[in-house]
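One file, query13.cif, is given below (mmCIF, C-alpha atoms).
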data_start
#
loop_
_atom_site.group_PDB
_atom_site.id
_atom_site.type_symbol
_atom_site.label_atom_id
_atom_site.label_comp_id
_atom_site.auth_asym_id
_atom_site.auth_seq_id
_atom_site.Cartn_x
_atom_site.Cartn_y
_atom_site.Cartn_z
ATOM 1 C CA GLY A 739 179.900 61.055 41.843
ATOM 2 C CA GLY A 740 180.908 63.776 39.419
ATOM 3 C CA GLY A 741 184.662 63.234 39.886
ATOM 4 C CA TYR A 742 187.755 65.132 40.982
ATOM 5 C CA ASP A 743 188.729 68.624 39.894
ATOM 6 C CA THR A 744 192.483 69.285 39.783
ATOM 7 C CA ASN A 745 191.645 72.750 41.060
ATOM 8 C CA GLN A 746 191.802 71.008 44.436
ATOM 9 C CA ASP A 747 195.536 70.442 43.920
ATOM 10 C CA ASN A 748 196.133 74.151 44.515
ATOM 11 C CA ASP A 749 197.315 75.144 47.977
ATOM 12 C CA PRO A 750 195.339 76.981 49.055
ATOM 13 C CA VAL A 751 192.243 76.445 46.909
ATOM 14 C CA ILE A 752 191.040 79.967 46.162
ATOM 15 C CA ALA A 753 188.452 79.360 43.422
ATOM 16 C CA SER A 754 185.353 77.201 43.116
ATOM 17 C CA ASP A 755 185.676 73.923 41.266
ATOM 18 C CA SER A 756 184.482 73.845 37.661
ATOM 19 C CA LYS A 757 184.279 70.039 37.279
ATOM 20 C CA GLY A 758 182.765 67.162 39.222
ATOM 21 C CA ARG A 759 180.044 69.222 40.913
ATOM 22 C CA ALA A 760 177.330 66.638 40.372
ATOM 23 C CA ILE A 761 175.712 63.319 41.236
ATOM 24 C CA TYR A 762 174.528 61.053 38.412
ATOM 25 C CA VAL A 763 171.744 58.472 38.745
ATOM 26 C CA VAL A 764 171.849 56.170 35.698
ATOM 27 C CA ASP A 765 169.705 53.247 34.562
ATOM 28 C CA LEU A 766 172.123 50.335 34.841
ATOM 29 C CA LEU A 767 170.421 48.344 32.065
ATOM 30 C CA THR A 768 170.163 51.058 29.425
ATOM 31 C CA GLY A 769 172.736 53.639 30.506
ATOM 32 C CA SER A 770 170.144 56.388 30.249
ATOM 33 C CA LEU A 771 170.289 59.275 32.709
ATOM 34 C CA VAL A 772 167.572 59.040 35.361
ATOM 35 C CA LYS A 773 168.509 62.122 37.349
ATOM 36 C CA LEU A 774 171.326 64.654 37.439
ATOM 37 C CA PHE A 775 171.907 66.570 40.643
ATOM 38 C CA SER A 776 174.247 69.389 39.658
ATOM 39 C CA VAL A 777 175.300 72.957 40.335
ATOM 40 C CA ILE A 778 172.760 74.062 37.736
ATOM 41 C CA GLU A 779 169.843 72.969 39.923
ATOM 42 C CA TYR A 780 171.621 73.318 43.275
ATOM 43 C CA PRO A 781 173.903 76.400 43.323
ATOM 44 C CA ASP A 782 175.536 75.225 46.569
ATOM 45 C CA MET A 783 177.268 72.416 44.661
ATOM 46 C CA THR A 784 180.486 74.421 44.364
ATOM 47 C CA TYR A 785 182.873 71.555 45.148
ATOM 48 C CA SER A 786 183.727 68.419 43.175
ATOM 49 C CA ILE A 787 182.539 65.004 44.401
ATOM 50 C CA PRO A 788 185.075 62.204 43.695
ATOM 51 C CA SER A 789 183.652 59.968 46.427
ATOM 52 C CA ASP A 790 181.609 56.829 46.012
ATOM 53 C CA ILE A 791 178.053 57.153 47.317
ATOM 54 C CA ALA A 792 176.436 55.503 50.342
ATOM 55 C CA LYS A 793 173.052 54.036 49.389
ATOM 56 C CA VAL A 794 170.470 53.441 52.125
ATOM 57 C CA ASP A 795 167.062 51.768 52.403
ATOM 58 C CA THR A 796 165.605 53.692 55.349
ATOM 59 C CA ASP A 797 162.197 51.983 55.514
ATOM 60 C CA GLY A 798 163.166 48.355 54.871
ATOM 61 C CA ASN A 799 161.161 47.885 51.670
ATOM 62 C CA GLY A 800 164.150 46.617 49.690
ATOM 63 C CA LYS A 801 164.612 49.808 47.652
ATOM 64 C CA VAL A 802 167.218 52.527 48.004
ATOM 65 C CA ASP A 803 165.541 55.785 49.022
ATOM 66 C CA ARG A 804 168.432 57.824 50.439
ATOM 67 C CA LEU A 805 171.936 58.711 49.253
ATOM 68 C CA TYR A 806 174.765 60.246 51.278
ATOM 69 C CA VAL A 807 178.001 61.627 49.844
ATOM 70 C CA CYS A 808 180.647 64.195 50.773
ATOM 71 C CA ASP A 809 182.471 66.797 48.703
ATOM 72 C CA MET A 810 185.860 68.506 48.603
ATOM 73 C CA GLY A 811 184.521 71.293 50.793
ATOM 74 C CA GLY A 812 184.109 68.915 53.734
ATOM 75 C CA ARG A 813 180.319 68.871 53.416
ATOM 76 C CA MET A 814 177.890 65.952 53.726
ATOM 77 C CA TRP A 815 175.077 65.868 51.163
ATOM 78 C CA ARG A 816 171.804 63.976 51.507
ATOM 79 C CA PHE A 817 169.669 63.010 48.502
ATOM 80 C CA ASP A 818 166.096 61.795 49.013
ATOM 81 C CA ILE A 819 165.165 59.576 46.058
ATOM 82 C CA GLY A 820 162.269 57.512 47.431
ATOM 83 C CA ASN A 821 159.502 59.255 45.502
ATOM 84 C CA SER A 822 158.334 57.489 42.319
ATOM 85 C CA ASP A 823 158.346 60.910 40.653
ATOM 86 C CA VAL A 824 161.987 61.732 39.895
ATOM 87 C CA ASN A 825 161.105 65.428 39.798
ATOM 88 C CA GLN A 826 160.314 65.210 43.513
ATOM 89 C CA TRP A 827 163.804 64.004 44.422
ATOM 90 C CA THR A 828 165.658 66.505 46.607
ATOM 91 C CA ALA A 829 169.194 67.351 47.706
ATOM 92 C CA LYS A 830 170.536 69.274 50.664
ATOM 93 C CA ILE A 831 173.685 69.793 52.717
ATOM 94 C CA ILE A 832 173.165 68.334 56.185
ATOM 95 C CA PHE A 833 176.645 68.877 57.687
ATOM 96 C CA THR A 834 179.693 71.020 57.050
ATOM 97 C CA SER A 835 183.065 70.367 58.650
ATOM 98 C CA ASN A 836 184.672 73.661 57.668
ATOM 99 C CA LEU A 837 183.512 76.842 59.366
ATOM 100 C CA SER A 838 186.268 79.021 57.883
ATOM 101 C CA SER A 839 188.532 79.021 54.854
ATOM 102 C CA SER A 840 191.472 78.067 57.052
ATOM 103 C CA ASP A 841 189.959 74.671 57.969
ATOM 104 C CA ARG A 842 190.202 73.143 54.451
ATOM 105 C CA ARG A 843 189.134 69.611 55.412
ATOM 106 C CA LYS A 844 188.246 67.323 52.499
ATOM 107 C CA ILE A 845 186.306 64.052 52.323
ATOM 108 C CA PHE A 846 187.203 61.534 49.616
ATOM 109 C CA TYR A 847 185.307 58.471 50.797
ATOM 110 C CA PRO A 848 181.652 57.613 51.438
ATOM 111 C CA PRO A 849 180.226 57.274 54.945
ATOM 112 C CA ASP A 850 178.825 54.211 56.634
ATOM 113 C CA VAL A 851 175.233 54.613 57.819
ATOM 114 C CA THR A 852 173.311 52.934 60.635
ATOM 115 C CA LEU A 853 169.561 53.042 61.195
ATOM 116 C CA GLU A 854 168.718 54.266 64.692
ATOM 117 C CA ARG A 855 165.698 54.993 66.865
ATOM 118 C CA ASP A 856 165.123 57.004 70.039
ATOM 119 C CA SER A 857 162.245 58.805 71.739
ATOM 120 C CA THR A 858 162.059 61.260 68.827
ATOM 121 C CA GLY A 859 161.617 58.501 66.230
ATOM 122 C CA ASN A 860 163.746 56.932 63.507
ATOM 123 C CA TYR A 861 166.911 58.560 62.201
ATOM 124 C CA GLU A 862 170.202 57.754 60.475
ATOM 125 C CA MET A 863 173.687 57.937 62.006
ATOM 126 C CA ILE A 864 176.432 58.804 59.514
ATOM 127 C CA TYR A 865 180.102 57.913 60.075
ATOM 128 C CA PHE A 866 182.947 59.468 58.073
ATOM 129 C CA GLY A 867 186.437 60.950 58.356
ATOM 130 C CA THR A 868 188.339 63.776 56.699
ATOM 131 C CA GLY A 869 191.671 63.724 54.904
ATOM 132 C CA ASP A 870 193.205 64.798 51.592
ATOM 133 C CA ARG A 871 193.878 61.610 49.603
ATOM 134 C CA GLU A 872 195.638 63.606 46.873
ATOM 135 C CA SER A 873 198.074 65.107 49.383
ATOM 136 C CA PRO A 874 198.745 62.405 52.005
ATOM 137 C CA LYS A 875 201.885 64.195 53.275
ATOM 138 C CA GLU A 876 200.078 67.466 54.026
ATOM 139 C CA SER A 877 200.323 68.389 57.716
ATOM 140 C CA ALA A 878 198.690 71.817 58.130
ATOM 141 C CA VAL A 879 195.051 70.669 58.208
ATOM 142 C CA ILE A 880 193.773 69.077 61.435
ATOM 143 C CA ASN A 881 191.415 66.260 60.458
ATOM 144 C CA ARG A 882 188.456 64.640 62.224
ATOM 145 C CA LEU A 883 186.444 61.458 62.712
ATOM 146 C CA TYR A 884 182.689 62.138 62.740
ATOM 147 C CA ALA A 885 179.425 60.510 63.749
ATOM 148 C CA VAL A 886 176.454 62.698 62.789
ATOM 149 C CA LYS A 887 172.754 62.104 63.442
ATOM 150 C CA ASP A 888 170.495 62.896 60.501
ATOM 151 C CA LYS A 889 167.215 63.851 62.141
ATOM 152 C CA ASN A 890 166.046 66.399 59.569
ATOM 153 C CA LEU A 891 163.077 64.272 58.537
ATOM 154 C CA VAL A 892 160.430 67.000 58.322
ATOM 155 C CA ASP A 893 162.377 70.030 57.156
ATOM 156 C CA LYS A 894 163.802 68.911 53.812
ATOM 157 C CA ASN A 895 165.873 72.066 53.328
ATOM 158 C CA PRO A 896 167.108 73.508 56.636
ATOM 159 C CA GLN A 897 168.477 77.031 56.567
ATOM 160 C CA THR A 898 171.821 75.962 58.023
ATOM 161 C CA PRO A 899 173.484 72.517 58.023
ATOM 162 C CA TYR A 900 174.839 70.951 61.186
ATOM 163 C CA THR A 901 178.376 71.952 62.208
ATOM 164 C CA GLU A 902 180.759 70.869 64.945
ATOM 165 C CA ASN A 903 178.875 73.251 67.233
ATOM 166 C CA ASP A 904 175.962 70.788 67.057
ATOM 167 C CA LEU A 905 178.151 67.819 68.023
ATOM 168 C CA VAL A 906 179.962 66.686 71.169
ATOM 169 C CA ASP A 907 183.763 66.909 71.113
ATOM 170 C CA VAL A 908 184.826 63.557 72.621
ATOM 171 C CA THR A 909 188.513 63.892 71.718
ATOM 172 C CA SER A 910 189.644 63.795 75.358
ATOM 173 C CA ASP A 911 187.441 60.752 76.156
ATOM 174 C CA GLU A 912 186.348 62.042 79.549
ATOM 175 C CA LEU A 913 183.851 59.194 79.913
ATOM 176 C CA GLN A 914 186.694 56.686 80.271
ATOM 177 C CA ASN A 915 188.941 58.901 82.378
ATOM 178 C CA PRO A 916 188.928 57.677 86.006
ATOM 179 C CA SER A 917 189.391 61.241 87.267
ATOM 180 C CA THR A 918 186.148 62.419 85.628
ATOM 181 C CA THR A 919 183.417 62.940 88.202
ATOM 182 C CA GLN A 920 180.138 61.082 87.847
ATOM 183 C CA SER A 921 178.266 64.368 87.489
ATOM 184 C CA ARG A 922 180.513 65.318 84.552
ATOM 185 C CA LYS A 923 180.003 61.889 82.972
ATOM 186 C CA ASN A 924 176.240 62.318 83.287
ATOM 187 C CA GLU A 925 176.536 65.728 81.650
ATOM 188 C CA ILE A 926 178.447 64.259 78.698
ATOM 189 C CA LEU A 927 175.985 61.387 78.317
ATOM 190 C CA ASN A 928 173.115 63.896 78.234
ATOM 191 C CA GLN A 929 174.952 65.906 75.590
ATOM 192 C CA LEU A 930 175.459 62.785 73.480
ATOM 193 C CA LYS A 931 171.750 62.079 73.774
ATOM 194 C CA GLU A 932 170.551 65.604 73.028
ATOM 195 C CA LYS A 933 173.110 66.795 70.481
ATOM 196 C CA SER A 934 173.501 65.688 66.878
ATOM 197 C CA GLY A 935 176.481 63.359 67.182
ATOM 198 C CA TRP A 936 180.139 63.379 68.188
ATOM 199 C CA TYR A 937 183.591 63.963 66.714
ATOM 200 C CA ILE A 938 187.236 63.242 67.475
ATOM 201 C CA ILE A 939 190.086 65.567 66.537
ATOM 202 C CA LEU A 940 193.015 63.595 65.118
ATOM 203 C CA GLU A 941 195.848 64.902 67.245
ATOM 204 C CA ASN A 942 198.838 63.607 65.280
ATOM 205 C CA SER A 943 200.290 65.982 62.700
ATOM 206 C CA SER A 944 199.419 64.854 59.161
ATOM 207 C CA GLU A 945 196.989 62.130 60.352
ATOM 208 C CA LYS A 946 194.167 61.562 57.863
ATOM 209 C CA SER A 947 191.217 59.271 57.332
ATOM 210 C CA LEU A 948 191.736 57.869 53.830
ATOM 211 C CA SER A 949 189.160 55.101 53.606
ATOM 212 C CA THR A 950 185.529 54.239 54.236
ATOM 213 C CA PRO A 951 184.631 53.469 57.879
ATOM 214 C CA VAL A 952 182.397 50.562 58.833
ATOM 215 C CA VAL A 953 180.147 49.903 61.834
ATOM 216 C CA PHE A 954 179.750 46.323 63.079
ATOM 217 C CA TYR A 955 178.389 45.103 66.427
ATOM 218 C CA ARG A 956 178.116 48.691 67.708
ATOM 219 C CA THR A 957 181.788 49.335 66.956
ATOM 220 C CA ALA A 958 182.846 51.973 64.418
ATOM 221 C CA TYR A 959 186.104 51.100 62.644
ATOM 222 C CA PHE A 960 188.179 53.860 61.057
ATOM 223 C CA THR A 961 191.675 53.614 59.586
ATOM 224 C CA THR A 962 194.097 56.543 59.336
ATOM 225 C CA PHE A 963 197.486 57.334 57.847
ATOM 226 C CA THR A 964 200.157 59.646 59.235
ATOM 227 C CA ALA A 965 203.049 60.520 56.958
ATOM 228 C CA SER A 966 206.526 60.280 58.477
ATOM 229 C CA SER A 967 208.361 63.498 59.328
ATOM 230 C CA GLU A 968 210.836 62.634 56.565
ATOM 231 C CA ALA A 969 208.041 62.371 54.003
ATOM 232 C CA GLN A 970 206.463 65.640 55.175
ATOM 233 C CA GLN A 971 209.746 67.398 54.398
ATOM 234 C CA GLN A 972 209.798 66.016 50.830
ATOM 235 C CA VAL A 973 207.408 68.699 49.626
ATOM 236 C CA GLY A 974 208.878 68.896 46.128
ATOM 237 C CA ASP A 975 208.460 65.189 45.380
ATOM 238 C CA PRO A 976 204.730 64.325 45.219
ATOM 239 C CA CYS A 977 205.526 60.668 44.465
ATOM 240 C CA TYR A 978 207.410 60.129 47.711
ATOM 241 C CA VAL A 979 204.986 59.252 50.499
ATOM 242 C CA GLY A 980 207.164 57.049 52.671
ATOM 243 C CA GLU A 981 205.978 54.305 54.956
ATOM 244 C CA GLY A 982 204.400 56.431 57.668
ATOM 245 C CA THR A 983 202.022 55.041 60.289
ATOM 246 C CA ALA A 984 198.791 53.168 59.648
ATOM 247 C CA LYS A 985 196.306 53.072 62.524
ATOM 248 C CA ILE A 986 192.995 51.414 63.189
ATOM 249 C CA TYR A 987 190.421 53.005 65.490
ATOM 250 C CA ALA A 988 187.732 50.878 67.150
ATOM 251 C CA LEU A 989 185.150 53.187 68.745
ATOM 252 C CA LYS A 990 181.824 52.716 70.484
ATOM 253 C CA TYR A 991 179.511 53.901 67.766
ATOM 254 C CA ASN A 992 177.305 56.088 69.994
ATOM 255 C CA THR A 993 179.967 57.680 72.231
ATOM 256 C CA GLY A 994 183.366 57.495 70.507
ATOM 257 C CA ASN A 995 184.803 55.594 73.504
ATOM 258 C CA ALA A 996 187.501 52.940 73.195
ATOM 259 C CA VAL A 997 186.140 49.421 72.752
ATOM 260 C CA PHE A 998 189.185 47.166 73.147
ATOM 261 C CA ASP A 999 192.291 47.190 75.327
ATOM 262 C CA PHE A 1000 194.661 48.193 72.532
ATOM 263 C CA ASP A 1001 197.177 49.985 74.774
ATOM 264 C CA LEU A 1002 198.920 47.402 76.953
ATOM 265 C CA THR A 1003 201.252 49.990 78.477
ATOM 266 C CA ASN A 1004 198.563 51.288 80.830
ATOM 267 C CA ASP A 1005 197.663 47.827 82.180
ATOM 268 C CA ILE A 1006 198.472 44.168 81.692
ATOM 269 C CA ASP A 1007 195.144 42.504 82.392
ATOM 270 C CA GLY A 1008 192.716 44.443 80.196
ATOM 271 C CA THR A 1009 191.002 46.153 83.126
ATOM 272 C CA VAL A 1010 191.913 49.707 82.094
ATOM 273 C CA ILE A 1011 190.150 51.056 79.018
ATOM 274 C CA SER A 1012 190.894 54.703 78.268
ATOM 275 C CA LYS A 1013 191.618 57.181 75.505
ATOM 276 C CA THR A 1014 194.876 55.533 74.425
ATOM 277 C CA ASP A 1015 193.006 52.272 73.804
ATOM 278 C CA ARG A 1016 191.017 53.800 70.964
ATOM 279 C CA SER A 1017 193.598 53.039 68.292
ATOM 280 C CA LEU A 1018 196.357 50.612 67.407
ATOM 281 C CA ILE A 1019 199.244 50.889 64.978
ATOM 282 C CA MET A 1020 198.692 48.082 62.484
ATOM 283 C CA GLY A 1021 201.470 48.730 59.984
ATOM 284 C CA THR A 1022 202.875 51.202 57.508
ATOM 285 C CA ALA A 1023 201.727 52.863 54.299
ATOM 286 C CA ILE A 1024 198.196 54.051 53.529
ATOM 287 C CA PRO A 1025 195.732 51.411 54.815
ATOM 288 C CA SER A 1026 192.461 50.314 53.302
ATOM 289 C CA GLY A 1027 189.238 50.479 55.220
ATOM 290 C CA VAL A 1028 188.059 47.516 57.288
ATOM 291 C CA ILE A 1029 186.134 44.868 55.362
ATOM 292 C CA ILE A 1030 183.731 42.569 57.237
ATOM 293 C CA THR A 1031 183.003 39.156 55.749
ATOM 294 C CA PHE A 1032 181.822 35.762 56.972
ATOM 295 C CA VAL A 1033 183.856 32.553 56.898
ATOM 296 C CA GLY A 1034 182.409 29.313 58.217
ATOM 297 C CA GLY A 1035 179.424 31.135 59.676
ATOM 298 C CA LYS A 1036 181.550 33.585 61.670
ATOM 299 C CA ALA A 1037 182.392 37.219 61.006
ATOM 300 C CA VAL A 1038 186.007 38.136 60.306
ATOM 301 C CA ALA A 1039 187.557 41.506 59.489
ATOM 302 C CA TYR A 1040 190.421 42.430 57.188
ATOM 303 C CA ALA A 1041 192.321 45.578 56.293
ATOM 304 C CA GLY A 1042 195.109 45.906 53.746
ATOM 305 C CA VAL A 1043 198.227 47.717 54.952
ATOM 306 C CA GLY A 1044 201.863 48.025 53.900
ATOM 307 C CA GLY A 1045 201.872 45.070 51.524
ATOM 308 C CA GLY A 1046 200.047 42.780 53.917
ATOM 309 C CA VAL A 1047 196.697 42.083 55.531
ATOM 310 C CA TYR A 1048 195.716 42.923 59.103
ATOM 311 C CA SER A 1049 192.785 41.223 60.864
ATOM 312 C CA PRO A 1050 191.164 43.566 63.422
ATOM 313 C CA GLN A 1051 189.488 42.386 66.597
ATOM 314 C CA LEU A 1052 185.682 42.223 66.497
ATOM 315 C CA SER A 1053 183.114 42.774 69.245
ATOM 316 C CA GLY A 1054 181.036 39.871 67.956
ATOM 317 C CA THR A 1055 181.240 37.235 65.244
ATOM 318 C CA SER A 1056 177.701 35.915 64.811
ATOM 319 C CA PRO A 1057 176.156 36.459 61.361
ATOM 320 C CA LEU A 1058 172.771 37.040 63.011
ATOM 321 C CA ILE A 1059 171.965 40.106 65.106
ATOM 322 C CA PRO A 1060 168.524 39.934 66.822
ATOM 323 C CA MET A 1061 166.392 42.973 66.006
ATOM 324 C CA THR A 1062 163.049 41.942 67.490
ATOM 325 C CA TRP A 1063 161.181 38.850 68.687
ATOM 326 C CA ARG A 1064 157.738 37.410 69.375
ATOM 327 C CA VAL A 1065 156.386 35.008 71.960
ATOM 328 C CA VAL A 1066 155.253 31.707 70.381
ATOM 329 C CA PHE A 1067 153.848 29.872 73.446
#

Spit out the file's structure as structure tokens when you get a sec.
Amino acid sequence: GGGYDTNQDNDPVIASDSKGRAIYVVDLLTGSLVKLFSVIEYPDMTYSIPSDIAKVDTDGNGKVDRLYVCDMGGRMWRFDIGNSDVNQWTAKIIFTSNLSSSDRRKIFYPPDVTLERDSTGNYEMIYFGTGDRESPKESAVINRLYAVKDKNLVDKNPQTPYTENDLVDVTSDELQNPSTTQSRKNEILNQLKEKSGWYIILENSSEKSLSTPVVFYRTAYFTTFTASSEAQQQVGDPCYVGEGTAKIYALKYNTGNAVFDFDLTNDIDGTVISKTDRSLIMGTAIPSGVIITFVGGKAVAYAGVGGGVYSPQLSGTSPLIPMTWRVVF
């Protein structure tokens, strides 16, 4: 990524960035520049890109052919780099979180990407959250957790990127609300099937996604940080963040529903799974993202938080996930 522009430290940001508006592809053996995606070639690159980049092999041939990265304008970029001719590589904005200047959501971390298939064919599902890493105490911007389907396989440069209007707002988690009628649940399930993804509005003041999410065993893990009310009042001291609240979200990757029984106040036997079970307070200070690794042939998860390490619950622990099979008798 091109890097961070301190223009983004202004509140509000009233001018376009002048630095970091680029993506560099470099030969790792020689250091020579293979391709520069920049504002010169793509005038819409008006925001800096400090994020790492998600690299995807969409066709399973062992080579990266797709890049995803977000910018300080809350936009998701897609770069198609599968063609052997570098001059045929393309870039486009596929999603924008901010519909007005008052939204001001920023994305500092790369998405996680899953490869999906439905009746329309193959597509990618992109998971990411918003939050200003340079201003963790800020409380005016209402941030989001997103899951966006990238189905623009034919039209390489759509006229308008996806917005929240193309997604399903699952903030209230009606699917797991016992008072929701079956007809309403069916309506929501149809929307999730037909629309281009889902999103959750983070309802706590100052709550931000400040790490990379990860999807494992159909569960999307996000971590968030909410500054304490004391820290939010310390506007003049940028170095004082305070302990705050670190949360982990474990969400069904295709619906945004709660996966585990995190909230034991609404039941004692794990039979009630609802909106409040989506997240769990796991400590203080700004947490890392969830890291999945394998120990002794079993998957384990870790997240750093408040000077310690938290081990989140997993939906499965096998290192092998069956994708297909064949009959041999």

* Asked: What's the 10 Å shell around Ser756 of chain A, counting only C-alpha atoms, without same-chain residues fewer than 4 positions away, as a count of residues only?
  -> 8

* Asked: Using the chain letters and numbers from the file, which residues does the PyMOL selection byres ((chain A and resi 848-859) around 9) grab, as a ChimeraX atom specification?
  -> /A:789-794,796,806-808,845-847,860-867,887,889,949-953

* Asked: Within 10 Å of segment 1025-1036 of chain A, counting only C-alpha atoms, which residues qualify if same-chain residues fewer than 5 places away don't, as a PyMOL selection string?
  -> chain A and resi 847+947-954+958-963+983-986+1020+1041-1050+1052+1054-1058

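Of the listed residues (A:Asn924, A:Glu932, A:Ala753, A:Ser877), A:Glu932 comes nearest to Asp904 of chain A; the distances count all atoms listed in the file.
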
* Asked: Please, what distance in Å, to one decimal, runs between atom CA of Ala829 of chain A and atom CA of Tyr884 of chain A?
  ->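 So the two atoms, atom CA of Ala829 of chain A and atom CA of Tyr884 of chain A, lie 20.9 Å apart.
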
* **Residue neighbourhood segment 995-1002 of chain A, 10 Å, all atoms listed in the file, exclusion window fewer than 3 positions, as a count of residues only** => 34

* Between atom CA of Pro750 of chain A and atom CA of Asn836 of chain A, distance in Å (one decimal) -> 14.1 Å

* Provide the atom CA of Ile938 of chain A to atom CA of Glu925 of chain A distance in Å, to one decimal place. =>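 Distance between the two atoms: 17.9 Å.
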
* Which residue, A:Leu883, A:Val1066, A:Ile1024, A:Leu905, has the smallest gap to Ile939 of chain A when you use all atoms listed in the file? ->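 Going through A:Leu883, A:Val1066, A:Ile1024, A:Leu905 one by one, the smallest distance to Ile939 of chain A is for A:Leu883.
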
So that all listed atoms of segment 863-880 of chain A fit with 6 Å spare on each side, what axis-aligned box centre and edge lengths in Å, to one decimal, would you give as JSON?
{"center_x": 187.8, "center_y": 64.9, "center_z": 54.4, "size_x": 40.2, "size_y": 25.9, "size_z": 27.1}

* To do: Starting from the shown file, work through the PyMOL selection byres ((chain A and resi 763) around 8) and note down what comes out as number ranges by chain.
  => A: 761-762, 764-765, 771-774

With C-alpha atoms retained, write the just-selected residues as a PDB file, keeping the file's coordinate frame.
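Okay, selection-v3.pdb is ready:
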ATOM      1  CA  ILE A 761     175.712  63.319  41.236  1.00  0.00           C
ATOM      2  CA  TYR A 762     174.528  61.053  38.412  1.00  0.00           C
ATOM      3  CA  VAL A 764     171.849  56.170  35.698  1.00  0.00           C
ATOM      4  CA  ASP A 765     169.705  53.247  34.562  1.00  0.00           C
ATOM      5  CA  LEU A 771     170.289  59.275  32.709  1.00  0.00           C
ATOM      6  CA  VAL A 772     167.572  59.040  35.361  1.00  0.00           C
ATOM      7  CA  LYS A 773     168.509  62.122  37.349  1.00  0.00           C
ATOM      8  CA  LEU A 774     171.326  64.654  37.439  1.00  0.00           C
TER       9      LEU A 774
END

* Run the PyMOL selection byres ((chain A and resi 878) around 8) against the file shown and list the residues it catches, as a PyMOL selection string. => chain A and resi 876-877+879-880+943-944

Could I get segment 1051-1055 of chain A rebuilt with all heavy atoms, written as a PDB file, in the frame of the given file?
ATOM      1  N   GLN A1051     190.334  43.032  65.601  1.00  0.00           N
ATOM      2  CA  GLN A1051     189.488  42.386  66.597  1.00  0.00           C
ATOM      3  C   GLN A1051     188.047  42.828  66.406  1.00  0.00           C
ATOM      4  O   GLN A1051     187.771  43.983  66.064  1.00  0.00           O
ATOM      5  CB  GLN A1051     189.985  42.764  67.996  1.00  0.00           C
ATOM      6  CG  GLN A1051     189.292  42.062  69.140  1.00  0.00           C
ATOM      7  CD  GLN A1051     189.919  42.421  70.484  1.00  0.00           C
ATOM      8  OE1 GLN A1051     190.971  43.047  70.549  1.00  0.00           O
ATOM      9  NE2 GLN A1051     189.273  42.015  71.561  1.00  0.00           N
ATOM     10  N   LEU A1052     187.103  41.922  66.631  1.00  0.00           N
ATOM     11  CA  LEU A1052     185.682  42.223  66.497  1.00  0.00           C
ATOM     12  C   LEU A1052     184.976  42.074  67.835  1.00  0.00           C
ATOM     13  O   LEU A1052     185.358  41.249  68.670  1.00  0.00           O
ATOM     14  CB  LEU A1052     185.027  41.300  65.467  1.00  0.00           C
ATOM     15  CG  LEU A1052     185.465  41.446  64.010  1.00  0.00           C
ATOM     16  CD1 LEU A1052     184.774  40.392  63.154  1.00  0.00           C
ATOM     17  CD2 LEU A1052     185.171  42.841  63.486  1.00  0.00           C
ATOM     18  N   SER A1053     183.909  42.867  68.019  1.00  0.00           N
ATOM     19  CA  SER A1053     183.114  42.774  69.245  1.00  0.00           C
ATOM     20  C   SER A1053     182.214  41.547  69.250  1.00  0.00           C
ATOM     21  O   SER A1053     181.797  41.069  70.313  1.00  0.00           O
ATOM     22  CB  SER A1053     182.245  44.031  69.405  1.00  0.00           C
ATOM     23  OG  SER A1053     183.040  45.184  69.458  1.00  0.00           O
ATOM     24  N   GLY A1054     181.883  41.050  68.079  1.00  0.00           N
ATOM     25  CA  GLY A1054     181.036  39.871  67.956  1.00  0.00           C
ATOM     26  C   GLY A1054     181.286  39.225  66.617  1.00  0.00           C
ATOM     27  O   GLY A1054     181.764  39.871  65.685  1.00  0.00           O
ATOM     28  N   THR A1055     180.962  37.953  66.493  1.00  0.00           N
ATOM     29  CA  THR A1055     181.240  37.235  65.244  1.00  0.00           C
ATOM     30  C   THR A1055     180.026  36.520  64.665  1.00  0.00           C
ATOM     31  O   THR A1055     180.126  35.905  63.610  1.00  0.00           O
ATOM     32  CB  THR A1055     182.355  36.191  65.467  1.00  0.00           C
ATOM     33  OG1 THR A1055     181.925  35.252  66.467  1.00  0.00           O
ATOM     34  CG2 THR A1055     183.652  36.848  65.908  1.00  0.00           C
TER      35      THR A1055
END
